[in-house]
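Trainee: Following this line is start.txt, made up of compact mmCIF, C-alpha atoms:
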# COMPACT_ATOMS: atom_id res chain seq x y z
CA MET A 282 -24.14 -5.79 -61.25
CA ASN A 283 -26.73 -5.47 -63.99
CA ILE A 284 -26.17 -1.93 -65.30
CA LEU A 285 -28.47 -0.12 -67.73
CA VAL A 286 -26.57 2.57 -69.66
CA LEU A 287 -28.68 5.36 -71.19
CA THR A 288 -27.06 7.32 -74.05
CA PRO A 289 -28.17 10.01 -76.56
CA TYR A 290 -26.45 8.26 -79.49
CA ILE A 291 -24.77 4.96 -80.36
CA PRO A 292 -21.29 5.23 -78.81
CA TYR A 293 -19.53 3.32 -81.56
CA PRO A 294 -17.25 3.83 -83.38
CA PRO A 295 -15.44 5.74 -80.61
CA ASN A 296 -14.25 8.55 -82.86
CA PHE A 297 -15.19 11.73 -80.97
CA GLY A 298 -15.15 12.87 -77.36
CA GLY A 299 -18.47 11.65 -76.01
CA SER A 300 -18.46 8.35 -77.87
CA VAL A 301 -14.89 7.61 -76.75
CA ARG A 302 -15.79 8.10 -73.09
CA ILE A 303 -19.02 6.09 -73.20
CA TYR A 304 -17.54 3.22 -75.20
CA HIS A 305 -14.53 2.81 -72.94
CA LEU A 306 -16.56 3.07 -69.73
CA ILE A 307 -18.85 0.31 -71.04
CA ARG A 308 -15.81 -1.72 -72.08
CA GLN A 309 -14.31 -1.39 -68.61
CA LEU A 310 -17.58 -2.34 -66.91
CA HIS A 311 -17.66 -5.47 -69.07
CA ARG A 312 -14.01 -6.23 -68.22
CA LEU A 313 -14.83 -6.02 -64.53
CA GLY A 314 -17.66 -8.55 -64.81
CA HIS A 315 -20.75 -6.33 -64.94
CA ALA A 316 -23.64 -7.06 -67.34
CA VAL A 317 -24.32 -3.96 -69.45
CA ASP A 318 -27.64 -3.28 -71.18
CA LEU A 319 -27.44 -0.32 -73.57
CA LEU A 320 -30.44 1.89 -74.31
CA SER A 321 -29.73 4.55 -76.92
CA PHE A 322 -31.23 6.84 -79.49
CA GLN A 323 -30.38 6.01 -83.09
CA GLU A 324 -30.42 9.26 -85.03
CA GLU A 325 -31.37 9.39 -88.70
CA GLY A 326 -28.29 9.46 -90.87
CA SER A 327 -26.04 8.52 -87.97
CA SER A 328 -22.82 6.60 -88.60
CA GLY A 329 -23.22 4.82 -85.26
CA ASP A 330 -22.74 1.06 -85.56
CA PRO A 331 -24.16 -1.04 -82.69
CA ARG A 332 -22.30 -4.13 -83.91
CA GLY A 333 -19.12 -2.78 -82.37
CA LEU A 334 -20.80 -2.84 -78.95
CA GLU A 335 -22.08 -6.41 -79.11
CA PRO A 336 -18.93 -7.92 -77.48
CA VAL A 337 -19.31 -5.70 -74.40
CA CYS A 338 -23.11 -5.36 -74.02
CA ARG A 339 -25.61 -8.01 -72.95
CA THR A 340 -28.44 -6.30 -74.83
CA ILE A 341 -28.66 -3.27 -77.13
CA THR A 342 -31.95 -1.42 -77.53
CA LEU A 343 -32.16 1.40 -80.08
CA ILE A 344 -34.88 4.05 -80.33
CA PRO A 345 -35.06 5.81 -83.72
CA ARG A 346 -34.97 9.59 -83.58
CA ARG A 347 -35.35 12.23 -86.29
CA VAL A 348 -33.08 15.23 -85.96
CA SER A 349 -34.44 17.21 -88.90
CA GLY A 350 -36.83 19.06 -86.57
CA LYS A 351 -34.06 20.39 -84.34
CA ARG A 352 -34.49 24.04 -85.36
CA GLY A 353 -38.22 23.86 -84.74
CA CYS A 354 -37.60 22.41 -81.31
CA GLN A 355 -35.20 25.26 -80.54
CA LEU A 356 -37.86 27.81 -81.50
CA ALA A 357 -40.50 25.96 -79.45
CA SER A 358 -38.22 26.06 -76.42
CA LEU A 359 -38.29 29.87 -76.46
CA VAL A 360 -41.95 29.83 -75.44
CA SER A 361 -41.60 26.87 -73.08
CA ALA A 362 -40.56 26.74 -69.46
CA ARG A 363 -38.35 23.82 -70.50
CA SER A 364 -34.95 24.09 -72.17
CA PHE A 365 -34.27 22.91 -75.71
CA GLN A 366 -31.85 20.37 -74.23
CA TRP A 367 -34.66 18.81 -72.18
CA LEU A 368 -37.30 18.93 -74.92
CA PHE A 369 -35.05 17.53 -77.64
CA HIS A 370 -34.06 14.47 -75.61
CA ARG A 371 -37.54 13.50 -74.41
CA SER A 372 -39.12 10.41 -75.98
CA ALA A 373 -42.16 8.38 -74.97
CA ALA A 374 -40.71 5.38 -76.83
CA LEU A 375 -37.47 5.58 -74.90
CA GLN A 376 -39.36 5.90 -71.60
CA GLN A 377 -41.32 2.74 -72.41
CA ALA A 378 -38.13 0.88 -73.31
CA LEU A 379 -36.47 2.02 -70.10
CA ASP A 380 -39.37 0.75 -67.98
CA ARG A 381 -39.39 -2.58 -69.81
CA LEU A 382 -35.63 -3.16 -69.58
CA VAL A 383 -35.52 -2.46 -65.85
CA ARG A 384 -38.36 -4.91 -65.33
CA GLU A 385 -36.98 -7.65 -67.58
CA GLN A 386 -33.23 -7.41 -66.94
CA GLY A 387 -33.22 -7.06 -63.17
CA THR A 388 -31.39 -3.73 -63.34
CA ASP A 389 -29.29 -2.92 -60.27
CA LEU A 390 -28.13 0.54 -61.37
CA ILE A 391 -28.82 3.03 -64.17
CA LEU A 392 -25.90 4.99 -65.63
CA VAL A 393 -27.14 8.09 -67.47
CA GLU A 394 -24.71 9.56 -69.98
CA PHE A 395 -25.12 13.36 -70.22
CA SER A 396 -27.46 15.43 -68.08
CA GLN A 397 -29.68 16.01 -71.14
CA MET A 398 -30.77 12.36 -70.79
CA ALA A 399 -31.75 12.72 -67.12
CA GLY A 400 -35.29 13.99 -67.70
CA TYR A 401 -36.87 10.54 -67.65
CA ARG A 402 -38.97 8.84 -64.97
CA PHE A 403 -36.63 6.38 -63.29
CA PRO A 404 -37.97 3.40 -61.33
CA ALA A 405 -38.04 3.71 -57.55
CA GLY A 406 -35.44 1.64 -55.76
CA VAL A 407 -32.94 1.59 -58.63
CA PRO A 408 -30.07 4.05 -58.03
CA VAL A 409 -29.28 6.46 -60.85
CA VAL A 410 -25.72 7.62 -61.51
CA LEU A 411 -25.41 10.71 -63.72
CA ASP A 412 -22.28 11.04 -65.84
CA GLU A 413 -21.64 14.74 -66.47
CA HIS A 414 -19.42 14.94 -69.55
CA ASN A 415 -19.59 18.71 -69.06
CA VAL A 416 -21.48 20.91 -66.63
CA GLU A 417 -23.77 21.88 -69.46
CA PHE A 418 -25.27 25.07 -68.03
CA ASP A 419 -21.75 26.33 -67.33
CA LEU A 420 -20.72 25.53 -70.91
CA LEU A 421 -23.80 27.32 -72.28
CA ALA A 422 -23.00 30.38 -70.18
CA ARG A 423 -19.44 30.42 -71.54
CA MET A 424 -20.75 30.12 -75.09
CA ALA A 425 -23.19 32.98 -74.48
CA ALA A 426 -20.32 35.19 -73.38
CA ARG A 427 -18.13 34.28 -76.36
CA GLU A 428 -20.37 33.91 -79.43
CA GLY A 429 -20.44 36.87 -81.77
CA SER A 430 -24.07 37.33 -82.79
CA LEU A 431 -26.47 39.02 -80.38
CA PRO A 432 -29.37 36.60 -81.10
CA ARG A 433 -27.13 33.60 -80.40
CA ARG A 434 -25.83 35.14 -77.16
CA LEU A 435 -29.36 35.90 -75.97
CA TYR A 436 -30.57 32.40 -76.88
CA ASN A 437 -27.69 30.75 -75.02
CA ARG A 438 -28.30 32.90 -71.95
CA ILE A 439 -31.97 31.89 -71.87
CA GLU A 440 -31.06 28.25 -72.52
CA ALA A 441 -28.39 28.29 -69.79
CA ALA A 442 -30.84 29.67 -67.22
CA LYS A 443 -33.46 27.02 -68.02
CA PHE A 444 -31.04 24.14 -68.18
CA ARG A 445 -29.28 25.22 -64.99
CA ARG A 446 -32.53 24.57 -63.16
CA GLU A 447 -33.04 21.21 -64.87
CA GLU A 448 -29.45 20.05 -64.53
CA ARG A 449 -29.31 20.91 -60.84
CA SER A 450 -32.54 18.99 -60.31
CA ALA A 451 -31.10 15.96 -62.11
CA CYS A 452 -27.96 16.04 -59.98
CA ARG A 453 -29.98 16.30 -56.77
CA ALA A 454 -32.07 13.29 -57.78
CA ALA A 455 -29.06 11.11 -58.66
CA ALA A 456 -27.45 8.81 -56.13
CA LEU A 457 -24.06 9.91 -57.48
CA THR A 458 -22.86 12.43 -60.05
CA LEU A 459 -19.71 11.65 -62.02
CA VAL A 460 -17.60 14.58 -63.22
CA THR A 461 -14.62 14.53 -65.56
CA SER A 462 -12.52 17.06 -63.64
CA PRO A 463 -12.18 18.51 -60.13
CA ARG A 464 -13.09 21.91 -61.58
CA ASP A 465 -16.48 20.62 -62.80
CA GLY A 466 -17.08 19.10 -59.38
CA GLU A 467 -16.37 22.47 -57.76
CA VAL A 468 -18.82 24.22 -60.11
CA LEU A 469 -21.59 21.79 -59.11
CA GLN A 470 -20.73 22.06 -55.42
CA GLN A 471 -21.08 25.83 -55.63
CA HIS A 472 -24.67 25.38 -56.82
CA LEU A 473 -25.44 22.23 -54.82
CA PRO A 474 -23.44 22.17 -51.57
CA GLY A 475 -22.97 18.65 -50.29
CA LEU A 476 -23.69 17.00 -53.65
CA ARG A 477 -22.22 13.50 -53.82
CA THR A 478 -19.72 13.45 -56.69
CA ALA A 479 -16.85 11.31 -57.96
CA VAL A 480 -14.16 12.40 -60.41
CA ILE A 481 -13.97 9.89 -63.28
CA THR A 482 -11.68 11.50 -65.80
CA ASN A 483 -11.53 10.89 -69.52
CA GLY A 484 -8.84 8.50 -70.62
CA VAL A 485 -7.01 6.80 -73.44
CA ASP A 486 -5.88 3.33 -74.51
CA CYS A 487 -2.16 3.98 -74.20
CA ASN A 488 -1.12 0.82 -76.04
CA SER A 489 -3.33 1.67 -79.01
CA PHE A 490 -1.91 5.20 -79.30
CA ALA A 491 1.76 4.25 -78.81
CA ARG A 492 3.81 6.01 -81.49
CA PRO A 493 5.75 3.77 -83.89
CA ALA A 494 9.38 4.57 -84.60
CA GLY A 495 10.02 7.04 -87.38
CA PRO A 496 10.54 10.74 -88.12
CA ARG A 497 7.93 13.45 -87.68
CA GLN A 498 7.04 15.95 -90.37
CA PRO A 499 9.01 19.13 -89.57
CA ASP A 500 7.00 22.29 -88.86
CA ALA A 501 3.72 20.34 -88.87
CA ALA A 502 0.94 21.14 -86.38
CA VAL A 503 -2.33 19.31 -85.91
CA PHE A 504 -5.67 19.80 -84.18
CA VAL A 505 -7.98 16.80 -83.68
CA GLY A 506 -11.59 17.25 -82.59
CA ALA A 507 -15.23 17.35 -83.66
CA THR A 508 -15.12 20.68 -85.46
CA HIS A 509 -18.92 20.89 -85.79
CA TYR A 510 -18.88 21.32 -81.98
CA PHE A 511 -18.86 25.09 -81.52
CA PRO A 512 -16.07 25.40 -78.89
CA ASN A 513 -13.76 23.45 -81.24
CA GLU A 514 -14.82 25.49 -84.28
CA ASP A 515 -14.21 28.70 -82.34
CA GLY A 516 -10.79 27.51 -81.21
CA VAL A 517 -9.62 26.55 -84.69
CA LEU A 518 -10.86 29.85 -86.16
CA PHE A 519 -9.06 31.69 -83.34
CA PHE A 520 -5.85 29.89 -84.33
CA LEU A 521 -6.30 30.57 -88.05
CA ARG A 522 -7.26 34.23 -87.68
CA GLU A 523 -5.02 35.38 -84.83
CA ILE A 524 -2.14 32.92 -84.36
CA ALA A 525 -1.17 31.16 -87.59
CA ALA A 526 0.25 34.23 -89.37
CA ARG A 527 2.81 34.83 -86.62
CA VAL A 528 3.78 31.14 -86.56
CA ARG A 529 4.37 31.30 -90.32
CA GLN A 530 6.52 34.40 -89.92
CA LEU A 531 8.71 32.49 -87.46
CA ARG A 532 8.52 29.14 -89.29
CA PRO A 533 7.84 29.76 -93.03
CA ALA A 534 7.46 26.02 -93.76
CA PHE A 535 4.64 25.69 -91.19
CA ARG A 536 1.72 23.39 -92.07
CA PHE A 537 -1.51 22.83 -90.13
CA ALA A 538 -3.97 19.91 -90.31
CA VAL A 539 -7.46 20.17 -88.80
CA VAL A 540 -8.77 16.64 -88.33
CA GLY A 541 -12.37 15.93 -87.40
CA GLY A 542 -15.74 14.94 -88.81
CA ARG A 543 -18.35 17.30 -90.22
CA PRO A 544 -16.28 20.50 -90.40
CA PRO A 545 -18.57 23.56 -90.70
CA PRO A 546 -18.50 25.95 -93.67
CA SER A 547 -16.48 28.44 -91.64
CA LEU A 548 -13.59 25.94 -91.85
CA THR A 549 -14.17 24.25 -95.20
CA SER A 550 -14.19 27.68 -96.84
CA GLN A 551 -10.64 28.37 -95.63
CA ARG A 552 -8.12 28.11 -98.47
CA ALA A 553 -4.33 28.00 -98.00
CA ASP A 554 -1.57 25.75 -99.29
CA TRP A 555 -0.36 25.25 -95.69
CA LEU A 556 -3.81 24.25 -94.35
CA ASP A 557 -5.56 20.87 -94.58
CA VAL A 558 -9.12 20.54 -93.24
CA THR A 559 -9.50 16.78 -93.58
CA GLY A 560 -13.06 16.11 -92.45
CA TYR A 561 -13.76 12.66 -91.06
CA VAL A 562 -10.87 10.17 -91.10
CA ASP A 563 -10.99 6.49 -90.16
CA ASP A 564 -7.97 6.77 -87.86
CA VAL A 565 -6.62 9.96 -86.28
CA ARG A 566 -3.46 8.34 -84.92
CA PRO A 567 -1.26 8.75 -88.05
CA TYR A 568 -2.00 12.48 -87.99
CA LEU A 569 -0.87 12.64 -84.37
CA TRP A 570 2.23 10.52 -84.95
CA ASN A 571 3.24 12.60 -87.98
CA ALA A 572 2.90 16.02 -86.32
CA SER A 573 5.64 17.94 -84.53
CA VAL A 574 3.16 19.76 -82.28
CA PHE A 575 -0.47 19.41 -81.24
CA VAL A 576 -2.34 22.69 -80.69
CA VAL A 577 -5.35 23.22 -78.39
CA PRO A 578 -6.42 26.87 -78.91
CA LEU A 579 -9.72 26.53 -77.04
CA ARG A 580 -11.45 29.52 -75.48
CA MET A 581 -14.56 27.78 -74.12
CA GLY A 582 -15.69 24.32 -73.05
CA GLY A 583 -15.76 22.08 -70.00
CA GLY A 584 -14.77 18.66 -68.75
CA THR A 585 -11.40 17.06 -69.37
CA ARG A 586 -9.88 17.25 -72.84
CA PHE A 587 -9.69 13.96 -74.71
CA LYS A 588 -7.58 15.71 -77.31
CA ILE A 589 -4.71 16.46 -74.92
CA VAL A 590 -4.85 13.04 -73.27
CA GLU A 591 -4.71 11.33 -76.66
CA ALA A 592 -1.92 13.61 -77.88
CA PHE A 593 0.12 12.73 -74.79
CA ALA A 594 -0.46 9.01 -75.41
CA ALA A 595 0.57 9.44 -79.06
CA GLY A 596 3.84 11.02 -77.98
CA VAL A 597 3.28 14.42 -79.61
CA PRO A 598 4.21 17.65 -77.75
CA VAL A 599 1.27 19.93 -76.89
CA VAL A 600 0.70 23.69 -76.83
CA SER A 601 -2.61 24.71 -75.25
CA THR A 602 -4.53 27.58 -73.76
CA ARG A 603 -5.04 27.26 -70.02
CA LEU A 604 -8.74 26.69 -70.54
CA GLY A 605 -7.89 24.05 -73.15
CA ALA A 606 -5.93 22.12 -70.51
CA GLU A 607 -8.50 22.75 -67.77
CA GLY A 608 -9.18 19.68 -65.67
CA LEU A 609 -5.71 18.19 -66.16
CA PRO A 610 -3.12 18.48 -63.33
CA VAL A 611 -0.36 19.48 -65.74
CA GLU A 612 2.45 22.01 -65.34
CA ASP A 613 3.47 24.57 -67.92
CA GLY A 614 6.89 23.65 -69.25
CA ARG A 615 6.81 20.10 -67.92
CA GLU A 616 4.12 18.15 -69.83
CA LEU A 617 3.12 20.93 -72.24
CA LEU A 618 3.37 24.64 -72.96
CA LEU A 619 0.50 26.95 -71.96
CA ALA A 620 -0.33 30.30 -73.53
CA ASP A 621 -3.53 32.31 -73.89
CA GLU A 622 -2.70 35.42 -75.90
CA PRO A 623 -2.25 34.98 -79.67
CA ALA A 624 1.37 36.16 -79.80
CA ALA A 625 2.39 34.04 -76.81
CA PHE A 626 0.61 31.00 -78.27
CA ALA A 627 2.33 31.47 -81.62
CA ASP A 628 5.71 31.86 -79.94
CA ALA A 629 5.17 28.66 -77.95
CA VAL A 630 4.30 26.72 -81.11
CA ALA A 631 7.38 28.09 -82.87
CA ARG A 632 9.59 27.17 -79.89
CA VAL A 633 8.50 23.54 -80.07
CA LEU A 634 8.98 23.42 -83.83
CA ALA A 635 12.44 24.99 -83.60
CA ASP A 636 13.70 22.88 -80.70
CA PRO A 637 13.33 19.10 -81.18
CA ALA A 638 14.90 18.48 -77.77
CA LEU A 639 12.17 20.56 -76.10
CA GLY A 640 9.50 18.72 -78.06
CA ALA A 641 10.98 15.33 -77.11
CA ARG A 642 11.10 16.27 -73.41
CA LEU A 643 7.48 17.48 -73.40
CA ALA A 644 6.36 14.35 -75.26
CA GLN A 645 8.21 12.04 -72.85
CA ASN A 646 6.74 13.77 -69.79
CA GLY A 647 3.25 13.82 -71.30
CA LEU A 648 3.39 10.10 -72.05
CA ALA A 649 4.52 9.25 -68.51
CA PHE A 650 1.74 11.45 -67.12
CA VAL A 651 -1.04 9.86 -69.16
CA ARG A 652 0.14 6.30 -68.44
CA ARG A 653 0.03 7.00 -64.72
CA TYR A 654 -3.30 8.78 -64.50
CA PHE A 655 -5.38 8.34 -67.65
CA ASP A 656 -5.12 4.82 -69.03
CA TRP A 657 -8.66 3.45 -69.35
CA ALA A 658 -7.86 0.43 -67.16
CA VAL A 659 -6.93 2.78 -64.29
CA ILE A 660 -10.10 4.81 -64.83
CA GLY A 661 -12.22 1.64 -65.06
CA ASP A 662 -11.06 0.56 -61.63
CA ARG A 663 -12.01 3.99 -60.22
CA LEU A 664 -15.44 3.77 -61.84
CA ASP A 665 -16.01 0.27 -60.45
CA ALA A 666 -15.19 1.48 -56.93
CA ALA A 667 -17.52 4.48 -57.25
CA LEU A 668 -20.46 2.41 -58.50
CA SER A 669 -19.89 -0.29 -55.89
CA ASN A 670 -20.13 2.34 -53.16
CA VAL A 671 -23.49 3.47 -54.51
CA ARG A 672 -24.86 -0.06 -54.05
CA LYS A 673 -23.67 -0.35 -50.43
As structure tokens, how would this structure be written, given the file I've shared?
Mentor:
Amino acid sequence: MNILVLTPYIPYPPNFGGSVRIYHLIRQLHRLGHAVDLLSFQEEGSSGDPRGLEPVCRTITLIPRRVSGKRGCQLASLVSARSFQWLFHRSAALQQALDRLVREQGTDLILVEFSQMAGYRFPAGVPVVLDEHNVEFDLLARMAAREGSLPRRLYNRIEAAKFRREERSACRAAALTLVTSPRDGEVLQQHLPGLRTAVITNGVDCNSFARPAGPRQPDAAVFVGATHYFPNEDGVLFFLREIAARVRQLRPAFRFAVVGGRPPPSLTSQRADWLDVTGYVDDVRPYLWNASVFVVPLRMGGGTRFKIVEAFAAGVPVVSTRLGAEGLPVEDGRELLLADEPAAFADAVARVLADPALGARLAQNGLAFVRRYFDWAVIGDRLDAALSNVRK
């Protein structure tokens, strides 16, 4: 098939959640013989590099976009019937490019990455498949319930109500909606009974993440994720403020690395000799391979967690909240340890650090799990089957 993929940013290098998913789905479509045309925004100041996509895309079309007016757009959305998400992702230039590419490339199917990109006029007769990285209105509602400031909570509630209407409309108009977890599919089905969905989970290149032989750093924990993304920021602050002190009481040599690009001031201002907020790194794998435990202290979010899947592939034992592991068919005590309350989470981390045999068993089970269900080649075959059914 000739597949046009529509994205809000250049999905290369694949160094954070959304870019990892988009890049590997495109790579799998190419592997399976489809011709991929990429249409993407190119944000000012972005580190996105389209050259990395040239081996897997037939054409790459980039539409420049300024992001400096984001705050103004948020304010404008308060007096608009449209959500900020919808307004911010609208572009006449991108609409023109979309129309031209469909006409010139003989597009058989349009794959839209993120529901925020679904507000365009799509040509009649060309099926649209919407890839829901998260159910965004559900995520916004969770953020509204969790964020501390009253203005932010009110804004997110208004935004969630507007975008719920727009996101549901986009799903209804799509020939197929992809979700990253059964839970997200159930959320959509509650709002749109009978909606045609397919679960295409997030995945990992297991060979790339395979851990080399060698010792781990004792008493070392790591978190990997885009810390400028509020659910990740909230989770790390939750760990630092409510969990870390108890871990250090139980394991005085404890060290914690927070790895991810563009850390916000709330994290960069933290100062402790046992804490390392790295910012962007070229390769997260050495941090995973070196750690004795991977922590996922998330309290909000949606979809399926790249961070846990990658930690499993890297052979590092995981301690997570239940919401942090949401969307993964894992069992507490088999592939990972689950805990929600601060004291229980701290105790679980300390157990893994104190018991190398427990950590080795969790790591072994996690690796077997991810190889069976979440290698990108397995997911690519599922995606190919789902898209082929749309064309029948």
Trainee: Between CA of Ile341 in chain A and CA of Ala666 in chain A, measure the distance and give it in Å to one decimal.
Mentor: 24.7 Å
Trainee: Between A:Asp621, A:Ala425, A:Ser550, A:Cys338, which residue has the minimum interatomic distance to Arg312 in chain A, considering only C-alpha atoms?
Mentor: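 Residue with the minimum atom-to-atom distance to Arg312 in chain A: A:Cys338.
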Trainee: Using all atoms listed in the file, which of A:Leu473, A:Met398, A:Leu390, A:Ala525 sits nearest Arg371 in chain A?
Mentor: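 Selected residue with least distance to Arg371 in chain A: A:Met398.
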Trainee: Would you tabulate, counting all atoms listed in the file, all residues of range 329-416 of chain A that have an atom at most 12 Å from an atom of range 291-300 of chain A, showing the closest pair of atoms and their distance in Å to one decimal, sorted by chain then ascending number, as a tab-separated table?
Mentor:
residue	atom	partner	partner_atom	distance
A:Gly329	CA	A:Ile291	CA	5.1
A:Asp330	CA	A:Tyr293	CA	5.6
A:Pro331	CA	A:Tyr293	CA	6.5
A:Arg332	CA	A:Tyr293	CA	8.3
A:Gly333	CA	A:Tyr293	CA	6.2
A:Leu334	CA	A:Tyr293	CA	6.8
A:Glu335	CA	A:Tyr293	CA	10.4
A:Pro336	CA	A:Tyr293	CA	12.0
A:Val337	CA	A:Tyr293	CA	11.5
A:Cys338	CA	A:Pro292	CA	11.8
A:Ile341	CA	A:Ile291	CA	9.7
A:Thr342	CA	A:Ile291	CA	10.0
A:Leu343	CA	A:Ile291	CA	8.2
A:Ile344	CA	A:Ile291	CA	10.2
A:Pro345	CA	A:Ile291	CA	10.9
A:Arg346	CA	A:Ile291	CA	11.7
A:Glu394	CA	A:Gly299	CA	8.9
A:Phe395	CA	A:Gly299	CA	9.0
A:Asp412	CA	A:Gly299	CA	10.9
A:Glu413	CA	A:Gly299	CA	10.5
A:His414	CA	A:Gly299	CA	7.3
A:Asn415	CA	A:Gly299	CA	10.0
Trainee: Keeping only C-alpha atoms, write the selected residues as a PDB file, keeping the file's coordinate frame.
Mentor:
ATOM      1  CA  GLY A 329     -23.220   4.820 -85.260  1.00  0.00           C
ATOM      2  CA  ASP A 330     -22.740   1.060 -85.560  1.00  0.00           C
ATOM      3  CA  PRO A 331     -24.160  -1.040 -82.690  1.00  0.00           C
ATOM      4  CA  ARG A 332     -22.300  -4.130 -83.910  1.00  0.00           C
ATOM      5  CA  GLY A 333     -19.120  -2.780 -82.370  1.00  0.00           C
ATOM      6  CA  LEU A 334     -20.800  -2.840 -78.950  1.00  0.00           C
ATOM      7  CA  GLU A 335     -22.080  -6.410 -79.110  1.00  0.00           C
ATOM      8  CA  PRO A 336     -18.930  -7.920 -77.480  1.00  0.00           C
ATOM      9  CA  VAL A 337     -19.310  -5.700 -74.400  1.00  0.00           C
ATOM     10  CA  CYS A 338     -23.110  -5.360 -74.020  1.00  0.00           C
ATOM     11  CA  ILE A 341     -28.660  -3.270 -77.130  1.00  0.00           C
ATOM     12  CA  THR A 342     -31.950  -1.420 -77.530  1.00  0.00           C
ATOM     13  CA  LEU A 343     -32.160   1.400 -80.080  1.00  0.00           C
ATOM     14  CA  ILE A 344     -34.880   4.050 -80.330  1.00  0.00           C
ATOM     15  CA  PRO A 345     -35.060   5.810 -83.720  1.00  0.00           C
ATOM     16  CA  ARG A 346     -34.970   9.590 -83.580  1.00  0.00           C
ATOM     17  CA  GLU A 394     -24.710   9.560 -69.980  1.00  0.00           C
ATOM     18  CA  PHE A 395     -25.120  13.360 -70.220  1.00  0.00           C
ATOM     19  CA  ASP A 412     -22.280  11.040 -65.840  1.00  0.00           C
ATOM     20  CA  GLU A 413     -21.640  14.740 -66.470  1.00  0.00           C
ATOM     21  CA  HIS A 414     -19.420  14.940 -69.550  1.00  0.00           C
ATOM     22  CA  ASN A 415     -19.590  18.710 -69.060  1.00  0.00           C
TER      23      ASN A 415
END
Trainee: What is the CA of Glu616 in chain A to CA of Asn646 in chain A distance in Å?
Mentor: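 Pair CA of Glu616 in chain A / CA of Asn646 in chain A returns 5.1 Å.
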Trainee: Between CA of Gly466 in chain A and CA of Arg672 in chain A, what is the distance, to one decimal in Å?
Mentor: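 Between these atoms lies a distance of 21.4 Å.
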Trainee: I want to know what sits within 7 Å of Leu392 in chain A, based on all atoms listed in the file, with residues of the same chain fewer than 6 positions away left out; could you give that as a PyMOL selection string?
Mentor: chain A and resi 284-287+409-411
Trainee: Restricting it to C-alpha atoms, dump the selection as a tab-separated table (two decimals), keeping the file's coordinate frame.
Mentor:
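Just written: again-v8.tsv:
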chain	number	residue	atom	x	y	z
A	284	ILE	CA	-26.17	-1.93	-65.30
A	285	LEU	CA	-28.47	-0.12	-67.73
A	286	VAL	CA	-26.57	2.57	-69.66
A	287	LEU	CA	-28.68	5.36	-71.19
A	409	VAL	CA	-29.28	6.46	-60.85
A	410	VAL	CA	-25.72	7.62	-61.51
A	411	LEU	CA	-25.41	10.71	-63.72
Trainee: Identify which of the residues A:Ser328, A:Ser364, A:Asn571, A:Thr549 lies closest to Glu514 in chain A, counting only C-alpha atoms when measuring atom-to-atom distances.
Mentor: A:Thr549
Trainee: With 9 Å as the threshold, what does the neighbourhood of (-2.7, 25.3, -93.1) contain in terms of residues, counting only C-alpha atoms? Coordinates are those of the file; answer as a ChimeraX atom specification.
Mentor: /A:502,521,525,535-539,551-558
Trainee: Ranking A:Ser321, A:Thr458, A:Ser601, A:Ser327 by minimum distance to Ala374 in chain A and counting all atoms listed in the file, which one comes first?
Mentor: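 Checking each of A:Ser321, A:Thr458, A:Ser601, A:Ser327 against Ala374 in chain A, counting all atoms listed in the file, the winner is A:Ser321.
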Trainee: Would you please work out which residue, of A:Thr482, A:Ala641, A:Ala373, A:Val599, is nearest to Pro463 in chain A when using all atoms listed in the file?
Mentor: A:Thr482
Trainee: Please give the centre and size of the box around range 445-454 of chain A (axis-aligned, containing every atom listed in the file, 3 Å added per side), with values in Å to one decimal and written as AutoDock Vina command-line options.
Mentor:
--center_x -30.5 --center_y 19.3 --center_z -60.9 --size_x 11.1 --size_y 17.9 --size_z 14.2
Trainee: Show me, as a PDB file with C-alpha atoms, in the coordinates of the input, the residues that have an atom within 10 Å of Asp613 in chain A when counting all atoms listed in the file, minus same-chain residues fewer than 6 positions from it.
Mentor:
ATOM      1  CA  VAL A 600       0.700  23.690 -76.830  1.00  0.00           C
ATOM      2  CA  SER A 601      -2.610  24.710 -75.250  1.00  0.00           C
ATOM      3  CA  ARG A 603      -5.040  27.260 -70.020  1.00  0.00           C
ATOM      4  CA  LEU A 619       0.500  26.950 -71.960  1.00  0.00           C
ATOM      5  CA  ALA A 620      -0.330  30.300 -73.530  1.00  0.00           C
ATOM      6  CA  LEU A 643       7.480  17.480 -73.400  1.00  0.00           C
TER       7      LEU A 643
END
Trainee: Using all atoms listed in the file, collect all residues at a distance of at most 12 Å from (-36.2, 1.7, -55.9) as written in the file, then present them as an MDAnalysis selection string.
Mentor: chainID A and resid 383:384 387:391 402:409 456 672
Trainee: Pull the closest atom pair for each residue of range 367-479 of chain A that gets at most 10 Å from range 483-496 of chain A, along with the distance in Å to one decimal, counting all atoms listed in the file, ordering rows by chain and then ascending residue number, as a tab-separated table.
Mentor:
residue	atom	partner	partner_atom	distance
A:His414	CA	A:Asn483	CA	8.9
A:Val460	CA	A:Asn483	CA	9.5
A:Thr461	CA	A:Asn483	CA	6.2
A:Ser462	CA	A:Asn483	CA	8.6
Trainee: Write a file for range 473-484 of chain A of the given structure; include C-alpha atoms and format it as a JSON list (two decimals), in the first residue's frame.
Mentor:
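Saved file out22.json follows:
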[["chain", "number", "residue", "atom", "x", "y", "z"],
["A", 473, "LEU", "CA", -18.46, 5.34, 21.42],
["A", 474, "PRO", "CA", -20.13, 1.91, 21.62],
["A", 475, "GLY", "CA", -19.31, -0.21, 18.59],
["A", 476, "LEU", "CA", -16.23, 1.82, 17.62],
["A", 477, "ARG", "CA", -13.86, -0.21, 15.45],
["A", 478, "THR", "CA", -10.54, -0.46, 17.29],
["A", 479, "ALA", "CA", -7.36, -2.53, 17.20],
["A", 480, "VAL", "CA", -4.80, -2.83, 20.00],
["A", 481, "ILE", "CA", -1.33, -2.03, 18.64],
["A", 482, "THR", "CA", 0.86, -1.84, 21.70],
["A", 483, "ASN", "CA", 4.11, 0.03, 22.11],
["A", 484, "GLY", "CA", 7.20, -2.07, 21.69]]
